[in-house]
Amino acid sequence: MNKKTILFVSYGGGHIHMVKPVAKYISKFEFFNVLILALPSALPNINSSDFEVITFRDLLEKNELDAIRWGTKIAENHHNTDSKIDLKESIAYLGLSFKDLVDKIGLEKAKRKFKSLKRHAFHQTTIVRRAILIYKPDFIVTTNSPRAESASIEEGILLNIPTLSMSDLFLGMNNYVLKANHLTYLNEYAFKVNMQAGLVNPQKSEIHLVGNPAFDDLLIKNYKKDSLFKSQLSKQLLYKKSILHIHSHSWVDPKNGSTYQSKESLNEELSIIYNSCKANKVNLLIRPHPSENINIFKKFVKNNPGSYLAYKYSLKELLNFAEIIIVRSSTVAIEALYLRKKVIQIDPHLHTDLPITDLNLATGVPLCSKLTKTIFELLENNSSLFFKNIELFLPQEAAAPKVSNIILQNLKI
């Protein structure tokens with residue numbers, strides 16, 4: 001039997017964790033070649049020794065000097081030096097993405113569009129088609145991220161290659177309709193929410209309610225403890241108990257579309273959460289989003305004793321260590337719930353993509369003085385009702401084998 005090539009495409013430090021369990025499961029079968037097109041922010045979270053990994057840098061041709069020049073210029077303002085992403089990878093990604101835009105609408109229009117929309121201007125169909133023609137996949141798998149992932153689905157469909165997109169939480173990206181031949185969702189509720197929002201067409205896509213592979217390892221209670229966390233951070237802590245704040249730098253606002261937090265709003269949010277923790281005599285562990293500039297957070301913790309940066313340490317270790325997890329909209333909230341942790345959701349009315357407060361899985365609170373009281377009450381009380389709801393609502397079986405089975409059946413293997 002000739003081997004079938006499965007091409008996974010993933011952007012984002014979080015979404016790559018949906019891809020890896022499926023890629024690992026598929027790799028068990030000797031009749032598959034597994035290939036991952038990893039976009040920049042996914043790279044620090046994937047080990048190339050486990051999978052064959054390609055990047056936009058591998059797709060960059062020697063004569064594409066304009067792309068290199070454009071990528072170098074754009075990277076001056078759009079490459080995060082704290083992200084552990086190789087600058088050359090950022091230059092290749094940004095340069096080829098901008099080249100795709102120039103080839104479609106011309107240089108001047110491309111400049112204006114990028115100035116207005118930044119990375120959201122990208123939809124790199126010509127570049128992902130290049131990857132598809134070189135590597136000739138038999139099946140394409142993405143998450144529900146836009147840009148290169150949605151472009152991969154579109155090109156796959158045009159080339160009659162079967163496609164699958166995995167949706168992460170409850171509500172997809174604003175105005176981004178998933179079009180893959182196969183779509184997977186966390187559960188029936190998540191599918192219905194996307195249907196109501198017009199983000200899926202079940203007449204064109206086959207729907208599968210299988211869970212989210214990113215949460216599979218949370219069904220296994222044992223985890224490897226982080227020696228770095230134990231030797232460094234845990235010895236510095238001012239108080240006995242800690243709260244973990246998972247920071248979101250942007251979110252989908254039901255009224256205003258995508259919202260990007262300003263520096264002033266970030267500092268206000270950190271200050272309110274910090275003061276609430278201080279009033280309750282608990283440490284504040286802060287984990288920024290992987291794409292954020294870390295310097296603002298470094299300055300904050302330097303000036304506020306009892307607050308600590310926690311981006312270097314194992315997330316699962318931090319989740320297990322903390323008494324309470326504070327989130328806006330992040331898959332980490334679901335991870336925390338699987339681990340039976342108490343979760344506070346800030347401004348839940350703004351985060352319909354993660355309705356954990358409405359579903360009685362978390363405690364919702366406005367970003368204000370009420371946070372201090374909420375923290376006190378959760379530290380004192382158990383959350384047995386929340387935990388019972390978790391068992392009823394969140395999938396309790398691994399998703400990766402189910403997603404893999406969709407691929408196997410589609411390829412008739």
# chains A, B, ... in the order shown; residues from 1 in each chain; ligands from 1
$ select_by_dssp --residues "region 32-133 of chain A" --states "helix (DSSP H, G or I)" --output "MDAnalysis selection string"
chainID A and resid 40:45 56:59 65:78 87:105 107:121 125:133
$ residues_around --residues "region 124-134 of chain A" --least-positions-apart "6" --cutoff "12 Å" --atoms "only C-alpha atoms" --output "JSON, numbers by chain"
{"A": [5, 6, 7, 8, 9, 10, 35, 36, 37, 38, 39, 54, 55, 56, 57, 58, 59, 60, 61, 67, 92, 93, 94, 95, 96, 97, 98, 99, 100, 101, 102, 103, 104, 140, 146, 147, 148, 149, 150, 151, 152, 153, 154, 155, 156, 157, 158, 159, 160, 161]}
$ atom_distance --atom1 "CA of Ile344 (chain A)" --atom2 "CA of Thr363 (chain A)"
4.8 Å
$ residues_around --residues "Ala42 (chain A)" --least-positions-apart "5" --cutoff "9 Å" --atoms "only C-alpha atoms" --output "JSON list (two decimals) with N, CA and C atoms, in the first residue's frame"
[["chain", "number", "residue", "atom", "x", "y", "z"],
["A", 10, "SER", "N", -0.99, 24.60, 11.18],
["A", 10, "SER", "CA", -1.35, 25.17, 12.48],
["A", 10, "SER", "C", -0.64, 26.48, 12.74],
["A", 11, "TYR", "N", -1.41, 27.45, 13.16],
["A", 11, "TYR", "CA", -0.89, 28.75, 13.59],
["A", 11, "TYR", "C", -1.30, 28.94, 15.04],
["A", 12, "GLY", "N", -0.43, 29.47, 15.85],
["A", 12, "GLY", "CA", -0.82, 29.82, 17.22],
["A", 12, "GLY", "C", -0.24, 28.89, 18.26],
["A", 13, "GLY", "N", 0.19, 29.49, 19.37],
["A", 13, "GLY", "CA", 0.79, 28.72, 20.46],
["A", 13, "GLY", "C", -0.20, 27.79, 21.13],
["A", 14, "GLY", "N", -1.51, 28.09, 21.04],
["A", 14, "GLY", "CA", -2.52, 27.24, 21.64],
["A", 14, "GLY", "C", -3.05, 26.19, 20.70],
["A", 15, "HIS", "N", -3.32, 26.58, 19.46],
["A", 15, "HIS", "CA", -3.96, 25.66, 18.51],
["A", 15, "HIS", "C", -3.07, 24.50, 18.11],
["A", 16, "ILE", "N", -1.76, 24.67, 18.20],
["A", 16, "ILE", "CA", -0.87, 23.56, 17.86],
["A", 16, "ILE", "C", -1.10, 22.38, 18.81],
["A", 17, "HIS", "N", -1.62, 22.66, 20.00],
["A", 17, "HIS", "CA", -1.88, 21.58, 20.96],
["A", 17, "HIS", "C", -3.12, 20.77, 20.59],
["A", 85, "ILE", "N", 10.57, 32.65, 18.95],
["A", 85, "ILE", "CA", 10.44, 32.39, 17.52],
["A", 85, "ILE", "C", 11.68, 32.91, 16.81]]
$ residues_around --residues "Ile406 (chain A)" --least-positions-apart "2" --cutoff "12 Å" --atoms "only C-alpha atoms" --output "PyMOL selection string"
chain A and resi 22+26+139+141+162-166+181-184+206-210+399-404+408-413
$ select_by_dssp --residues "region 169-390 of chain A" --states "strand (DSSP E)" --output "PyMOL selection string"
chain A and resi 182-185+206-209+242-246+250-253+257-260+283-287+307-309+324-327+342-346+363-365
$ write_last_selection --atoms "N, CA and C atoms" --output "CSV table (one decimal), in the first residue's frame"
chain,number,residue,atom,x,y,z
A,182,HIS,N,-15.0,18.3,6.5
A,182,HIS,CA,-15.4,17.7,7.9
A,182,HIS,C,-15.0,18.8,8.9
A,183,LEU,N,-16.0,18.9,9.9
A,183,LEU,CA,-15.8,19.9,11.0
A,183,LEU,C,-16.0,19.1,12.3
A,184,THR,N,-15.1,19.4,13.2
A,184,THR,CA,-15.2,18.8,14.6
A,184,THR,C,-15.5,19.9,15.6
A,185,TYR,N,-16.3,19.5,16.6
A,185,TYR,CA,-16.7,20.5,17.6
A,185,TYR,C,-16.6,19.8,19.0
A,206,GLU,N,-19.6,17.9,6.8
A,206,GLU,CA,-20.0,16.9,7.7
A,206,GLU,C,-19.6,17.2,9.1
A,207,ILE,N,-20.5,17.1,10.1
A,207,ILE,CA,-20.3,17.6,11.4
A,207,ILE,C,-20.0,16.4,12.3
A,208,HIS,N,-19.0,16.5,13.2
A,208,HIS,CA,-18.6,15.5,14.1
A,208,HIS,C,-18.4,16.1,15.5
A,209,LEU,N,-19.1,15.6,16.5
A,209,LEU,CA,-19.0,16.1,17.9
A,209,LEU,C,-18.1,15.1,18.7
A,242,SER,N,-1.8,30.8,45.8
A,242,SER,CA,-1.6,31.5,44.6
A,242,SER,C,-2.8,31.5,43.7
A,243,ILE,N,-3.0,32.6,42.9
A,243,ILE,CA,-4.0,32.7,41.9
A,243,ILE,C,-3.2,32.8,40.5
A,244,LEU,N,-3.7,32.1,39.5
A,244,LEU,CA,-3.1,32.2,38.2
A,244,LEU,C,-4.0,33.0,37.3
A,245,HIS,N,-3.4,34.1,36.7
A,245,HIS,CA,-4.1,34.9,35.7
A,245,HIS,C,-3.6,34.6,34.3
A,246,ILE,N,-4.5,34.0,33.5
A,246,ILE,CA,-4.2,33.7,32.1
A,246,ILE,C,-4.7,35.0,31.3
A,250,SER,N,-6.6,39.9,23.3
A,250,SER,CA,-7.7,40.2,22.4
A,250,SER,C,-8.8,39.2,22.6
A,251,TRP,N,-10.0,39.6,22.1
A,251,TRP,CA,-11.1,38.7,22.2
A,251,TRP,C,-12.2,39.2,21.3
A,252,VAL,N,-13.2,38.3,21.0
A,252,VAL,CA,-14.3,38.6,20.1
A,252,VAL,C,-15.4,39.2,20.9
A,253,ASP,N,-15.7,40.5,20.7
A,253,ASP,CA,-16.7,41.2,21.4
A,253,ASP,C,-18.0,41.1,20.5
A,257,GLY,N,-17.0,43.4,17.5
A,257,GLY,CA,-16.1,42.5,16.8
A,257,GLY,C,-14.9,42.2,17.6
A,258,SER,N,-13.7,42.1,16.9
A,258,SER,CA,-12.5,41.8,17.6
A,258,SER,C,-12.0,43.0,18.4
A,259,THR,N,-11.7,42.7,19.7
A,259,THR,CA,-11.2,43.8,20.6
A,259,THR,C,-9.7,43.5,20.9
A,260,TYR,N,-8.9,44.5,20.8
A,260,TYR,CA,-7.5,44.4,21.2
A,260,TYR,C,-7.2,45.3,22.4
A,283,ASN,N,-0.7,35.1,46.3
A,283,ASN,CA,0.2,35.5,45.2
A,283,ASN,C,-0.6,35.6,43.9
A,284,LEU,N,-0.1,36.5,43.0
A,284,LEU,CA,-0.7,36.6,41.6
A,284,LEU,C,0.4,36.1,40.6
A,285,LEU,N,0.1,34.9,40.0
A,285,LEU,CA,1.0,34.4,39.0
A,285,LEU,C,0.4,34.8,37.6
A,286,ILE,N,1.2,35.5,36.8
A,286,ILE,CA,0.7,36.1,35.5
A,286,ILE,C,1.3,35.3,34.4
A,287,ARG,N,0.4,34.8,33.5
A,287,ARG,CA,0.9,34.1,32.3
A,287,ARG,C,0.4,34.9,31.1
A,307,SER,N,3.5,39.6,43.0
A,307,SER,CA,3.1,39.2,41.6
A,307,SER,C,4.3,38.6,40.9
A,308,TYR,N,4.1,37.7,40.0
A,308,TYR,CA,5.2,36.9,39.4
A,308,TYR,C,4.8,36.6,38.0
A,309,LEU,N,5.8,36.7,37.1
A,309,LEU,CA,5.7,36.2,35.7
A,309,LEU,C,5.8,34.7,35.7
A,324,ILE,N,-7.0,29.3,42.3
A,324,ILE,CA,-8.1,29.8,41.4
A,324,ILE,C,-7.4,30.2,40.1
A,325,ILE,N,-8.1,30.1,39.0
A,325,ILE,CA,-7.6,30.5,37.7
A,325,ILE,C,-8.5,31.7,37.2
A,326,ILE,N,-7.9,32.8,36.8
A,326,ILE,CA,-8.7,33.9,36.3
A,326,ILE,C,-8.4,34.0,34.8
A,327,VAL,N,-9.5,34.1,34.0
A,327,VAL,CA,-9.4,34.2,32.6
A,327,VAL,C,-10.4,35.2,32.0
A,342,LYS,N,-11.1,25.9,40.4
A,342,LYS,CA,-12.0,27.0,40.4
A,342,LYS,C,-11.6,28.1,39.4
A,343,VAL,N,-12.6,28.5,38.6
A,343,VAL,CA,-12.3,29.5,37.6
A,343,VAL,C,-13.2,30.7,37.7
A,344,ILE,N,-12.5,31.9,37.6
A,344,ILE,CA,-13.2,33.2,37.6
A,344,ILE,C,-13.1,33.7,36.2
A,345,GLN,N,-14.2,34.1,35.6
A,345,GLN,CA,-14.2,34.7,34.3
A,345,GLN,C,-14.5,36.2,34.4
A,346,ILE,N,-13.6,37.0,33.9
A,346,ILE,CA,-13.8,38.5,33.9
A,346,ILE,C,-14.7,38.9,32.8
A,363,THR,N,-17.3,31.1,37.8
A,363,THR,CA,-17.9,32.3,38.4
A,363,THR,C,-17.6,33.5,37.6
A,364,GLY,N,-18.6,34.2,37.1
A,364,GLY,CA,-18.4,35.4,36.4
A,364,GLY,C,-18.4,36.6,37.2
A,365,VAL,N,-17.5,37.6,36.9
A,365,VAL,CA,-17.5,38.8,37.7
A,365,VAL,C,-17.0,40.0,36.8
$ closest_residue --among "A:Glu292, A:Ser205, A:Val53, A:Gln236" --to "His79 (chain A)" --atoms "only C-alpha atoms"
A:Glu292
$ residues_around --residues "region 72-78 of chain A" --least-positions-apart "4" --cutoff "7 Å" --atoms "only C-alpha atoms" --output "list of chain:residue names"
A:Ile68, A:Ser90, A:Ile91, A:Leu94
